[in-house]
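Below: model03.pdb (PDB, C-alpha atoms)
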```pdb
ATOM      1  CA  MET A   1       0.000   0.000   0.000  1.00  0.00           C
ATOM      2  CA  PRO A   2       1.227   3.543  -0.716  1.00  0.00           C
ATOM      3  CA  GLY A   3       0.883   4.531   2.937  1.00  0.00           C
ATOM      4  CA  ASN A   4       3.095   1.673   4.048  1.00  0.00           C
ATOM      5  CA  ALA A   5       5.673   2.525   1.400  1.00  0.00           C
ATOM      6  CA  ASN A   6       5.749   6.128   2.562  1.00  0.00           C
ATOM      7  CA  GLY A   7       6.122   5.002   6.149  1.00  0.00           C
ATOM      8  CA  VAL A   8       9.062   2.761   5.324  1.00  0.00           C
ATOM      9  CA  ALA A   9      10.702   5.560   3.354  1.00  0.00           C
ATOM     10  CA  ALA A  10      10.331   7.909   6.322  1.00  0.00           C
ATOM     11  CA  VAL A  11      11.940   5.396   8.666  1.00  0.00           C
ATOM     12  CA  GLU A  12      14.796   4.830   6.235  1.00  0.00           C
ATOM     13  CA  ARG A  13      15.385   8.563   5.922  1.00  0.00           C
ATOM     14  CA  ALA A  14      15.402   8.948   9.701  1.00  0.00           C
ATOM     15  CA  ALA A  15      17.935   6.124  10.043  1.00  0.00           C
ATOM     16  CA  THR A  16      20.095   7.659   7.321  1.00  0.00           C
ATOM     17  CA  LEU A  17      20.046  10.977   9.156  1.00  0.00           C
ATOM     18  CA  LEU A  18      21.302   9.380  12.375  1.00  0.00           C
ATOM     19  CA  GLU A  19      23.991   7.487  10.483  1.00  0.00           C
ATOM     20  CA  ALA A  20      25.251  10.751   8.974  1.00  0.00           C
ATOM     21  CA  PHE A  21      27.044  11.447  12.262  1.00  0.00           C
ATOM     22  CA  THR A  22      30.542  10.033  12.735  1.00  0.00           C
ATOM     23  CA  ASP A  23      32.778   9.763  15.786  1.00  0.00           C
ATOM     24  CA  ARG A  24      34.403  13.046  14.690  1.00  0.00           C
ATOM     25  CA  ASP A  25      31.169  15.035  14.768  1.00  0.00           C
ATOM     26  CA  PHE A  26      30.062  16.760  17.952  1.00  0.00           C
ATOM     27  CA  SER A  27      27.324  18.487  15.987  1.00  0.00           C
ATOM     28  CA  LEU A  28      26.308  19.104  12.380  1.00  0.00           C
ATOM     29  CA  SER A  29      24.620  22.070  10.763  1.00  0.00           C
ATOM     30  CA  LEU A  30      21.371  21.607   8.898  1.00  0.00           C
ATOM     31  CA  GLY A  31      23.201  22.304   5.655  1.00  0.00           C
ATOM     32  CA  GLU A  32      25.848  19.660   6.342  1.00  0.00           C
ATOM     33  CA  LEU A  33      23.225  17.092   7.290  1.00  0.00           C
ATOM     34  CA  SER A  34      21.357  17.900   4.095  1.00  0.00           C
ATOM     35  CA  ARG A  35      24.528  17.430   2.064  1.00  0.00           C
ATOM     36  CA  ARG A  36      25.447  14.129   3.695  1.00  0.00           C
ATOM     37  CA  VAL A  37      22.054  12.483   3.316  1.00  0.00           C
ATOM     38  CA  GLU A  38      21.344  14.108  -0.063  1.00  0.00           C
ATOM     39  CA  LEU A  39      17.960  15.522   0.948  1.00  0.00           C
ATOM     40  CA  ASP A  40      16.714  19.097   0.863  1.00  0.00           C
ATOM     41  CA  LYS A  41      16.961  21.152   4.047  1.00  0.00           C
ATOM     42  CA  SER A  42      13.218  21.310   4.657  1.00  0.00           C
ATOM     43  CA  THR A  43      12.942  17.506   4.593  1.00  0.00           C
ATOM     44  CA  VAL A  44      15.956  17.105   6.867  1.00  0.00           C
ATOM     45  CA  LEU A  45      14.550  19.677   9.299  1.00  0.00           C
ATOM     46  CA  ARG A  46      11.204  17.885   9.441  1.00  0.00           C
ATOM     47  CA  ILE A  47      12.866  14.513  10.143  1.00  0.00           C
ATOM     48  CA  ALA A  48      15.263  16.024  12.694  1.00  0.00           C
ATOM     49  CA  ARG A  49      12.391  17.607  14.614  1.00  0.00           C
ATOM     50  CA  SER A  50      10.578  14.283  14.747  1.00  0.00           C
ATOM     51  CA  LEU A  51      13.698  12.523  16.006  1.00  0.00           C
ATOM     52  CA  ALA A  52      14.187  15.238  18.619  1.00  0.00           C
ATOM     53  CA  LYS A  53      10.736  14.504  20.075  1.00  0.00           C
ATOM     54  CA  PHE A  54      12.023  11.054  21.057  1.00  0.00           C
ATOM     55  CA  GLY A  55      15.419  12.212  22.325  1.00  0.00           C
ATOM     56  CA  LEU A  56      17.285  10.779  19.345  1.00  0.00           C
ATOM     57  CA  LEU A  57      18.556  14.195  18.239  1.00  0.00           C
ATOM     58  CA  ILE A  58      19.088  17.482  20.069  1.00  0.00           C
ATOM     59  CA  ARG A  59      19.005  20.919  18.474  1.00  0.00           C
ATOM     60  CA  ASN A  60      21.721  23.274  19.694  1.00  0.00           C
ATOM     61  CA  GLU A  61      21.190  26.982  20.291  1.00  0.00           C
ATOM     62  CA  ASP A  62      22.984  27.823  17.042  1.00  0.00           C
ATOM     63  CA  GLY A  63      20.574  25.639  15.052  1.00  0.00           C
ATOM     64  CA  SER A  64      22.983  22.743  14.563  1.00  0.00           C
ATOM     65  CA  TRP A  65      22.106  19.200  15.591  1.00  0.00           C
ATOM     66  CA  ARG A  66      23.751  16.535  17.733  1.00  0.00           C
ATOM     67  CA  LEU A  67      22.881  12.985  18.725  1.00  0.00           C
ATOM     68  CA  GLY A  68      20.506  12.644  21.654  1.00  0.00           C
ATOM     69  CA  PRO A  69      20.686  10.748  24.961  1.00  0.00           C
ATOM     70  CA  LYS A  70      18.079   8.172  23.952  1.00  0.00           C
ATOM     71  CA  LEU A  71      20.680   6.613  21.655  1.00  0.00           C
ATOM     72  CA  MET A  72      22.941   5.945  24.631  1.00  0.00           C
ATOM     73  CA  LYS A  73      20.071   4.279  26.461  1.00  0.00           C
ATOM     74  CA  LEU A  74      19.300   2.093  23.462  1.00  0.00           C
ATOM     75  CA  GLY A  75      22.984   1.242  23.070  1.00  0.00           C
ATOM     76  CA  ASN A  76      23.212   0.200  26.710  1.00  0.00           C
ATOM     77  CA  ILE A  77      20.112  -1.970  26.317  1.00  0.00           C
ATOM     78  CA  TYR A  78      21.648  -3.579  23.227  1.00  0.00           C
ATOM     79  CA  GLN A  79      24.858  -4.311  25.123  1.00  0.00           C
ATOM     80  CA  SER A  80      23.012  -5.660  28.158  1.00  0.00           C
ATOM     81  CA  THR A  81      21.151  -8.238  26.070  1.00  0.00           C
ATOM     82  CA  PHE A  82      24.422 -10.159  25.875  1.00  0.00           C
ATOM     83  CA  ARG A  83      24.904 -10.081  29.687  1.00  0.00           C
ATOM     84  CA  ALA A  84      28.664 -10.319  29.362  1.00  0.00           C
ATOM     85  CA  ALA A  85      29.941  -6.868  30.337  1.00  0.00           C
ATOM     86  CA  ASP A  86      30.909  -7.790  33.910  1.00  0.00           C
ATOM     87  CA  VAL A  87      33.131 -10.578  32.610  1.00  0.00           C
ATOM     88  CA  VAL A  88      34.434  -9.211  29.331  1.00  0.00           C
ATOM     89  CA  GLU A  89      35.499  -5.718  30.429  1.00  0.00           C
ATOM     90  CA  PRO A  90      38.183  -6.863  32.894  1.00  0.00           C
ATOM     91  CA  LEU A  91      39.230  -9.620  30.485  1.00  0.00           C
ATOM     92  CA  LEU A  92      39.844  -7.111  27.702  1.00  0.00           C
ATOM     93  CA  ALA A  93      41.789  -4.829  30.021  1.00  0.00           C
ATOM     94  CA  GLU A  94      43.940  -7.778  31.064  1.00  0.00           C
ATOM     95  CA  LEU A  95      44.515  -8.768  27.434  1.00  0.00           C
ATOM     96  CA  VAL A  96      45.729  -5.268  26.591  1.00  0.00           C
ATOM     97  CA  ASP A  97      48.126  -5.317  29.544  1.00  0.00           C
ATOM     98  CA  GLN A  98      49.472  -8.763  28.628  1.00  0.00           C
ATOM     99  CA  THR A  99      49.815  -8.321  24.867  1.00  0.00           C
ATOM    100  CA  GLY A 100      50.187  -4.595  24.348  1.00  0.00           C
ATOM    101  CA  GLU A 101      47.599  -4.723  21.542  1.00  0.00           C
ATOM    102  CA  SER A 102      43.994  -3.544  21.288  1.00  0.00           C
ATOM    103  CA  ALA A 103      41.413  -6.150  22.302  1.00  0.00           C
ATOM    104  CA  ALA A 104      37.758  -6.386  21.282  1.00  0.00           C
ATOM    105  CA  VAL A 105      34.694  -8.601  21.129  1.00  0.00           C
ATOM    106  CA  TYR A 106      32.722  -8.740  17.885  1.00  0.00           C
ATOM    107  CA  VAL A 107      29.276 -10.191  17.287  1.00  0.00           C
ATOM    108  CA  ARG A 108      27.321 -10.787  14.116  1.00  0.00           C
ATOM    109  CA  GLU A 109      24.473  -8.549  13.044  1.00  0.00           C
ATOM    110  CA  GLY A 110      23.158  -9.618   9.660  1.00  0.00           C
ATOM    111  CA  GLN A 111      25.971  -9.521   7.133  1.00  0.00           C
ATOM    112  CA  MET A 112      28.178  -7.288   9.274  1.00  0.00           C
ATOM    113  CA  ARG A 113      30.138  -7.611  12.498  1.00  0.00           C
ATOM    114  CA  VAL A 114      29.665  -5.151  15.337  1.00  0.00           C
ATOM    115  CA  CYS A 115      32.267  -4.133  17.908  1.00  0.00           C
ATOM    116  CA  LEU A 116      30.434  -4.899  21.145  1.00  0.00           C
ATOM    117  CA  PHE A 117      33.226  -4.317  23.684  1.00  0.00           C
ATOM    118  CA  ARG A 118      36.703  -2.861  23.247  1.00  0.00           C
ATOM    119  CA  HIS A 119      39.873  -1.737  25.028  1.00  0.00           C
ATOM    120  CA  ASP A 120      42.533   0.147  23.072  1.00  0.00           C
ATOM    121  CA  SER A 121      46.244  -0.525  23.350  1.00  0.00           C
ATOM    122  CA  HIS A 122      48.267   1.875  25.485  1.00  0.00           C
ATOM    123  CA  GLN A 123      50.967   2.087  22.809  1.00  0.00           C
ATOM    124  CA  SER A 124      51.298   5.271  20.752  1.00  0.00           C
ATOM    125  CA  ILE A 125      50.964   3.307  17.490  1.00  0.00           C
ATOM    126  CA  ARG A 126      47.857   1.194  17.718  1.00  0.00           C
ATOM    127  CA  HIS A 127      44.648   0.226  15.987  1.00  0.00           C
ATOM    128  CA  SER A 128      41.699   2.200  17.295  1.00  0.00           C
ATOM    129  CA  ALA A 129      38.000   1.602  16.795  1.00  0.00           C
ATOM    130  CA  ARG A 130      34.847   2.364  18.721  1.00  0.00           C
ATOM    131  CA  VAL A 131      32.159   0.271  20.347  1.00  0.00           C
ATOM    132  CA  GLY A 132      29.293   0.091  17.873  1.00  0.00           C
ATOM    133  CA  ASP A 133      31.464   0.255  14.760  1.00  0.00           C
ATOM    134  CA  THR A 134      30.320  -2.106  12.011  1.00  0.00           C
ATOM    135  CA  MET A 135      32.691  -3.851   9.616  1.00  0.00           C
ATOM    136  CA  PRO A 136      32.418  -6.502   6.890  1.00  0.00           C
ATOM    137  CA  LEU A 137      32.325 -10.106   8.054  1.00  0.00           C
ATOM    138  CA  GLU A 138      34.508 -11.322   5.197  1.00  0.00           C
ATOM    139  CA  LEU A 139      37.389  -8.915   5.890  1.00  0.00           C
ATOM    140  CA  GLY A 140      39.605  -9.333   8.936  1.00  0.00           C
ATOM    141  CA  ALA A 141      40.151 -12.209  11.345  1.00  0.00           C
ATOM    142  CA  PRO A 142      37.251 -11.372  13.731  1.00  0.00           C
ATOM    143  CA  GLY A 143      34.663 -11.595  10.960  1.00  0.00           C
ATOM    144  CA  ARG A 144      36.152 -14.635   9.298  1.00  0.00           C
ATOM    145  CA  VAL A 145      36.138 -16.513  12.611  1.00  0.00           C
ATOM    146  CA  ILE A 146      32.455 -15.660  13.044  1.00  0.00           C
ATOM    147  CA  LEU A 147      31.696 -16.891   9.530  1.00  0.00           C
ATOM    148  CA  ALA A 148      33.681 -20.100  10.052  1.00  0.00           C
ATOM    149  CA  PHE A 149      31.880 -21.052  13.242  1.00  0.00           C
ATOM    150  CA  THR A 150      28.455 -20.270  11.821  1.00  0.00           C
ATOM    151  CA  GLY A 151      28.899 -22.769   8.992  1.00  0.00           C
ATOM    152  CA  LYS A 152      30.437 -20.791   6.123  1.00  0.00           C
ATOM    153  CA  HIS A 153      31.771 -23.105   3.404  1.00  0.00           C
ATOM    154  CA  GLY A 154      35.195 -22.819   1.820  1.00  0.00           C
ATOM    155  CA  SER A 155      38.761 -23.956   2.353  1.00  0.00           C
ATOM    156  CA  VAL A 156      39.730 -20.927   4.425  1.00  0.00           C
ATOM    157  CA  TYR A 157      36.797 -21.539   6.783  1.00  0.00           C
ATOM    158  CA  ASP A 158      37.612 -25.243   7.018  1.00  0.00           C
ATOM    159  CA  GLU A 159      41.110 -24.161   8.038  1.00  0.00           C
ATOM    160  CA  ILE A 160      39.790 -21.775  10.686  1.00  0.00           C
ATOM    161  CA  ARG A 161      37.490 -24.421  12.174  1.00  0.00           C
ATOM    162  CA  GLY A 162      40.352 -26.919  12.186  1.00  0.00           C
ATOM    163  CA  GLN A 163      42.893 -24.721  13.932  1.00  0.00           C
ATOM    164  CA  GLY A 164      40.474 -22.741  16.086  1.00  0.00           C
ATOM    165  CA  PHE A 165      41.824 -19.293  15.242  1.00  0.00           C
ATOM    166  CA  PHE A 166      42.731 -17.038  12.333  1.00  0.00           C
ATOM    167  CA  ALA A 167      45.167 -14.196  11.661  1.00  0.00           C
ATOM    168  CA  THR A 168      45.057 -11.597   8.901  1.00  0.00           C
ATOM    169  CA  PHE A 169      47.527  -8.950   7.802  1.00  0.00           C
ATOM    170  CA  GLY A 170      46.109  -5.854   6.140  1.00  0.00           C
ATOM    171  CA  GLU A 171      43.043  -7.634   4.805  1.00  0.00           C
ATOM    172  CA  ARG A 172      40.555  -4.911   5.711  1.00  0.00           C
ATOM    173  CA  ASP A 173      43.022  -2.099   6.380  1.00  0.00           C
ATOM    174  CA  PRO A 174      46.667  -2.260   5.207  1.00  0.00           C
ATOM    175  CA  GLN A 175      47.764  -0.806   8.549  1.00  0.00           C
ATOM    176  CA  VAL A 176      46.018  -3.437  10.677  1.00  0.00           C
ATOM    177  CA  ALA A 177      46.765  -7.060  11.538  1.00  0.00           C
ATOM    178  CA  SER A 178      44.267  -9.115  13.530  1.00  0.00           C
ATOM    179  CA  LEU A 179      44.224 -12.362  15.474  1.00  0.00           C
ATOM    180  CA  ALA A 180      40.871 -13.829  16.525  1.00  0.00           C
ATOM    181  CA  VAL A 181      39.341 -16.850  18.245  1.00  0.00           C
ATOM    182  CA  PRO A 182      35.688 -17.876  18.737  1.00  0.00           C
ATOM    183  CA  ILE A 183      33.613 -17.340  21.874  1.00  0.00           C
ATOM    184  CA  PHE A 184      30.748 -19.697  22.673  1.00  0.00           C
ATOM    185  CA  ARG A 185      27.622 -19.568  24.834  1.00  0.00           C
ATOM    186  CA  ASP A 186      25.069 -22.198  25.834  1.00  0.00           C
ATOM    187  CA  GLY A 187      27.263 -25.122  24.819  1.00  0.00           C
ATOM    188  CA  THR A 188      28.475 -24.838  21.246  1.00  0.00           C
ATOM    189  CA  THR A 189      26.425 -21.811  20.111  1.00  0.00           C
ATOM    190  CA  LEU A 190      28.702 -19.108  18.759  1.00  0.00           C
ATOM    191  CA  PHE A 191      28.561 -15.836  20.671  1.00  0.00           C
ATOM    192  CA  GLY A 192      31.133 -13.953  18.606  1.00  0.00           C
ATOM    193  CA  SER A 193      34.881 -13.551  18.307  1.00  0.00           C
ATOM    194  CA  LEU A 194      37.583 -12.240  20.602  1.00  0.00           C
ATOM    195  CA  ALA A 195      40.322 -10.389  18.766  1.00  0.00           C
ATOM    196  CA  LEU A 196      43.621  -8.592  19.094  1.00  0.00           C
ATOM    197  CA  THR A 197      44.477  -5.905  16.548  1.00  0.00           C
ATOM    198  CA  GLY A 198      47.523  -3.774  15.881  1.00  0.00           C
ATOM    199  CA  PRO A 199      50.181  -2.781  13.347  1.00  0.00           C
ATOM    200  CA  PRO A 200      51.273  -5.717  11.115  1.00  0.00           C
ATOM    201  CA  ALA A 201      54.925  -5.150  12.031  1.00  0.00           C
ATOM    202  CA  ARG A 202      54.221  -6.189  15.627  1.00  0.00           C
ATOM    203  CA  PHE A 203      52.323  -9.339  14.625  1.00  0.00           C
ATOM    204  CA  THR A 204      55.362 -11.514  13.981  1.00  0.00           C
ATOM    205  CA  GLU A 205      55.156 -15.292  14.004  1.00  0.00           C
ATOM    206  CA  ASP A 206      56.586 -15.413  17.529  1.00  0.00           C
ATOM    207  CA  ALA A 207      54.202 -12.702  18.734  1.00  0.00           C
ATOM    208  CA  ILE A 208      51.202 -14.517  17.279  1.00  0.00           C
ATOM    209  CA  THR A 209      52.229 -17.770  18.964  1.00  0.00           C
ATOM    210  CA  THR A 210      52.520 -16.018  22.333  1.00  0.00           C
ATOM    211  CA  HIS A 211      49.398 -13.889  21.936  1.00  0.00           C
ATOM    212  CA  LEU A 212      47.322 -16.843  20.767  1.00  0.00           C
ATOM    213  CA  LYS A 213      47.773 -18.701  24.040  1.00  0.00           C
ATOM    214  CA  THR A 214      46.732 -15.615  26.004  1.00  0.00           C
ATOM    215  CA  LEU A 215      43.787 -14.976  23.686  1.00  0.00           C
ATOM    216  CA  GLN A 216      42.533 -18.554  23.879  1.00  0.00           C
ATOM    217  CA  MET A 217      42.689 -18.570  27.677  1.00  0.00           C
ATOM    218  CA  ALA A 218      40.635 -15.359  27.787  1.00  0.00           C
ATOM    219  CA  ALA A 219      38.118 -16.752  25.270  1.00  0.00           C
ATOM    220  CA  ASN A 220      37.729 -19.937  27.324  1.00  0.00           C
ATOM    221  CA  LYS A 221      37.025 -17.869  30.453  1.00  0.00           C
ATOM    222  CA  LEU A 222      34.441 -15.798  28.643  1.00  0.00           C
ATOM    223  CA  SER A 223      32.798 -18.852  27.085  1.00  0.00           C
ATOM    224  CA  ALA A 224      32.625 -20.602  30.446  1.00  0.00           C
ATOM    225  CA  ALA A 225      30.981 -17.545  32.010  1.00  0.00           C
ATOM    226  CA  MET A 226      28.219 -17.771  29.375  1.00  0.00           C
ATOM    227  CA  GLY A 227      27.753 -21.507  29.633  1.00  0.00           C
ATOM    228  CA  GLY A 228      29.705 -22.231  26.488  1.00  0.00           C
ATOM    229  CA  GLU A 229      32.237 -24.944  25.853  1.00  0.00           C
ATOM    230  CA  PRO A 230      35.907 -23.979  25.387  1.00  0.00           C
ATOM    231  CA  GLY A 231      36.993 -23.461  21.785  1.00  0.00           C
TER
END
```

For the file at hand, write its structure as structure tokens.
Amino acid sequence: MPGNANGVAAVERAATLLEAFTDRDFSLSLGELSRRVELDKSTVLRIARSLAKFGLLIRNEDGSWRLGPKLMKLGNIYQSTFRAADVVEPLLAELVDQTGESAAVYVREGQMRVCLFRHDSHQSIRHSARVGDTMPLELGAPGRVILAFTGKHGSVYDEIRGQGFFATFGERDPQVASLAVPIFRDGTTLFGSLALTGPPARFTEDAITTHLKTLQMAANKLSAAMGGEPG
């Protein structure tokens, strides 16, 4: 029905408007929002006002817009559905201290992977990302591990399942190497992947061998806390 189509279009436009913000944007002018979403200013203003009614956007005194507090609430609810924060946060901090690299937990959402928890390395040269960032499943060790342990076919995924881990060097970003292992819940159900990331130069064969043992121990602890079997 035309009404339903219009409703879906409105929702999609609202979602696009929220996604126009990046981690570098404290606020955006109406003109910049219009440019980024490729809609006229009057349409953007109408959508922004609707989003503001629900606390999803806030209008500043100068007329610019910023993300609203309701998004933080929704993000916290999303995180809490996994009921792992109390266990994973100290584990990630410990991993960073032991390996010197950034540590994160990724879960699958559709055809993407989402950074659910993260601790950045303390080193000046490091890989940085943010909780909530989405990345392709088929690029990088964290996504490939998720694909392997959710039944993806192919020789590379057979290899990952056989060895229980995977490492990549510049597959998604030429400046980033990654090492990942699976995390399980409720027996053998995949929860996601636990990963270390950093500059490829620091991910030598010896470093990977050492880091892998530390990573697997952390993954086993996390899996056990969620009723999963060790990987």

Given the point (42.1, -19.9, 12.1) in the file's coordinates, find the residues that have an atom at most 12 Å from it, counting only C-alpha atoms, and give them as number ranges by chain. A: 140-149, 155-168, 178-182, 193, 195, 208, 212, 216, 231

Would you mind reading off the distance between atom CA of A:Val8 and atom CA of A:Glu109, one decimal, in Å? 20.6 Å

Point-to-point distance from atom CA of A:Gly170 to atom CA of A:Thr150, Å rounded to tenths: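 Between atom CA of A:Gly170 and atom CA of A:Thr150 the gap is 23.5 Å.
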
Taking (16.6, 17.4, 13.8) as a centre in this file's frame and 9 Å as the limit, can you find every polymer residue with an atom that close, using all atoms listed in the file, and give them as an NGL selection string? :A and (17 or 30 or 44-52 or 56-59 or 64-66)

With 4 Å added on each side, what axis-aligned box encloses every listed atom of stretch 68-71 of chain A? Give the centre and edge lengths in Å to one decimal, as lines of an AutoDock Vina configuration file.
```
center_x = 19.4
center_y = 9.6
center_z = 23.3
size_x = 10.6
size_y = 14.0
size_z = 11.3
```

Dump N, CA and C atoms of stretch 196-211 of chain A from the given block, as a PDB file, in the first residue's frame.
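Heads up, here's the output in part-v5.pdb:
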```pdb
ATOM      1  N   LEU A 196      42.559  -9.562  18.864  1.00  0.00           N
ATOM      2  CA  LEU A 196      43.621  -8.592  19.094  1.00  0.00           C
ATOM      3  C   LEU A 196      43.925  -7.923  17.763  1.00  0.00           C
ATOM      4  N   THR A 197      44.138  -6.619  17.774  1.00  0.00           N
ATOM      5  CA  THR A 197      44.477  -5.905  16.548  1.00  0.00           C
ATOM      6  C   THR A 197      45.613  -4.930  16.811  1.00  0.00           C
ATOM      7  N   GLY A 198      46.414  -4.701  15.763  1.00  0.00           N
ATOM      8  CA  GLY A 198      47.523  -3.774  15.881  1.00  0.00           C
ATOM      9  C   GLY A 198      48.279  -3.664  14.577  1.00  0.00           C
ATOM     10  N   PRO A 199      49.387  -2.936  14.561  1.00  0.00           N
ATOM     11  CA  PRO A 199      50.181  -2.781  13.347  1.00  0.00           C
ATOM     12  C   PRO A 199      50.762  -4.121  12.899  1.00  0.00           C
ATOM     13  N   PRO A 200      50.748  -4.436  11.602  1.00  0.00           N
ATOM     14  CA  PRO A 200      51.273  -5.717  11.115  1.00  0.00           C
ATOM     15  C   PRO A 200      52.714  -5.990  11.546  1.00  0.00           C
ATOM     16  N   ALA A 201      53.519  -4.956  11.671  1.00  0.00           N
ATOM     17  CA  ALA A 201      54.925  -5.150  12.031  1.00  0.00           C
ATOM     18  C   ALA A 201      55.092  -5.787  13.400  1.00  0.00           C
ATOM     19  N   ARG A 202      54.118  -5.608  14.284  1.00  0.00           N
ATOM     20  CA  ARG A 202      54.221  -6.189  15.627  1.00  0.00           C
ATOM     21  C   ARG A 202      53.636  -7.595  15.688  1.00  0.00           C
ATOM     22  N   PHE A 203      52.932  -8.010  14.635  1.00  0.00           N
ATOM     23  CA  PHE A 203      52.323  -9.339  14.625  1.00  0.00           C
ATOM     24  C   PHE A 203      53.247 -10.326  13.905  1.00  0.00           C
ATOM     25  N   THR A 204      54.417 -10.541  14.513  1.00  0.00           N
ATOM     26  CA  THR A 204      55.362 -11.514  13.981  1.00  0.00           C
ATOM     27  C   THR A 204      54.894 -12.920  14.314  1.00  0.00           C
ATOM     28  N   GLU A 205      55.536 -13.902  13.733  1.00  0.00           N
ATOM     29  CA  GLU A 205      55.156 -15.292  14.004  1.00  0.00           C
ATOM     30  C   GLU A 205      55.291 -15.622  15.482  1.00  0.00           C
ATOM     31  N   ASP A 206      56.386 -15.155  16.101  1.00  0.00           N
ATOM     32  CA  ASP A 206      56.586 -15.413  17.529  1.00  0.00           C
ATOM     33  C   ASP A 206      55.526 -14.704  18.370  1.00  0.00           C
ATOM     34  N   ALA A 207      55.197 -13.464  17.985  1.00  0.00           N
ATOM     35  CA  ALA A 207      54.202 -12.702  18.734  1.00  0.00           C
ATOM     36  C   ALA A 207      52.836 -13.371  18.645  1.00  0.00           C
ATOM     37  N   ILE A 208      52.494 -13.853  17.462  1.00  0.00           N
ATOM     38  CA  ILE A 208      51.202 -14.517  17.279  1.00  0.00           C
ATOM     39  C   ILE A 208      51.120 -15.776  18.129  1.00  0.00           C
ATOM     40  N   THR A 209      52.205 -16.551  18.162  1.00  0.00           N
ATOM     41  CA  THR A 209      52.229 -17.770  18.964  1.00  0.00           C
ATOM     42  C   THR A 209      52.004 -17.456  20.444  1.00  0.00           C
ATOM     43  N   THR A 210      52.666 -16.408  20.926  1.00  0.00           N
ATOM     44  CA  THR A 210      52.520 -16.018  22.333  1.00  0.00           C
ATOM     45  C   THR A 210      51.139 -15.441  22.601  1.00  0.00           C
ATOM     46  N   HIS A 211      50.698 -14.532  21.737  1.00  0.00           N
ATOM     47  CA  HIS A 211      49.398 -13.889  21.936  1.00  0.00           C
ATOM     48  C   HIS A 211      48.252 -14.886  21.838  1.00  0.00           C
TER      49      HIS A 211
END
```
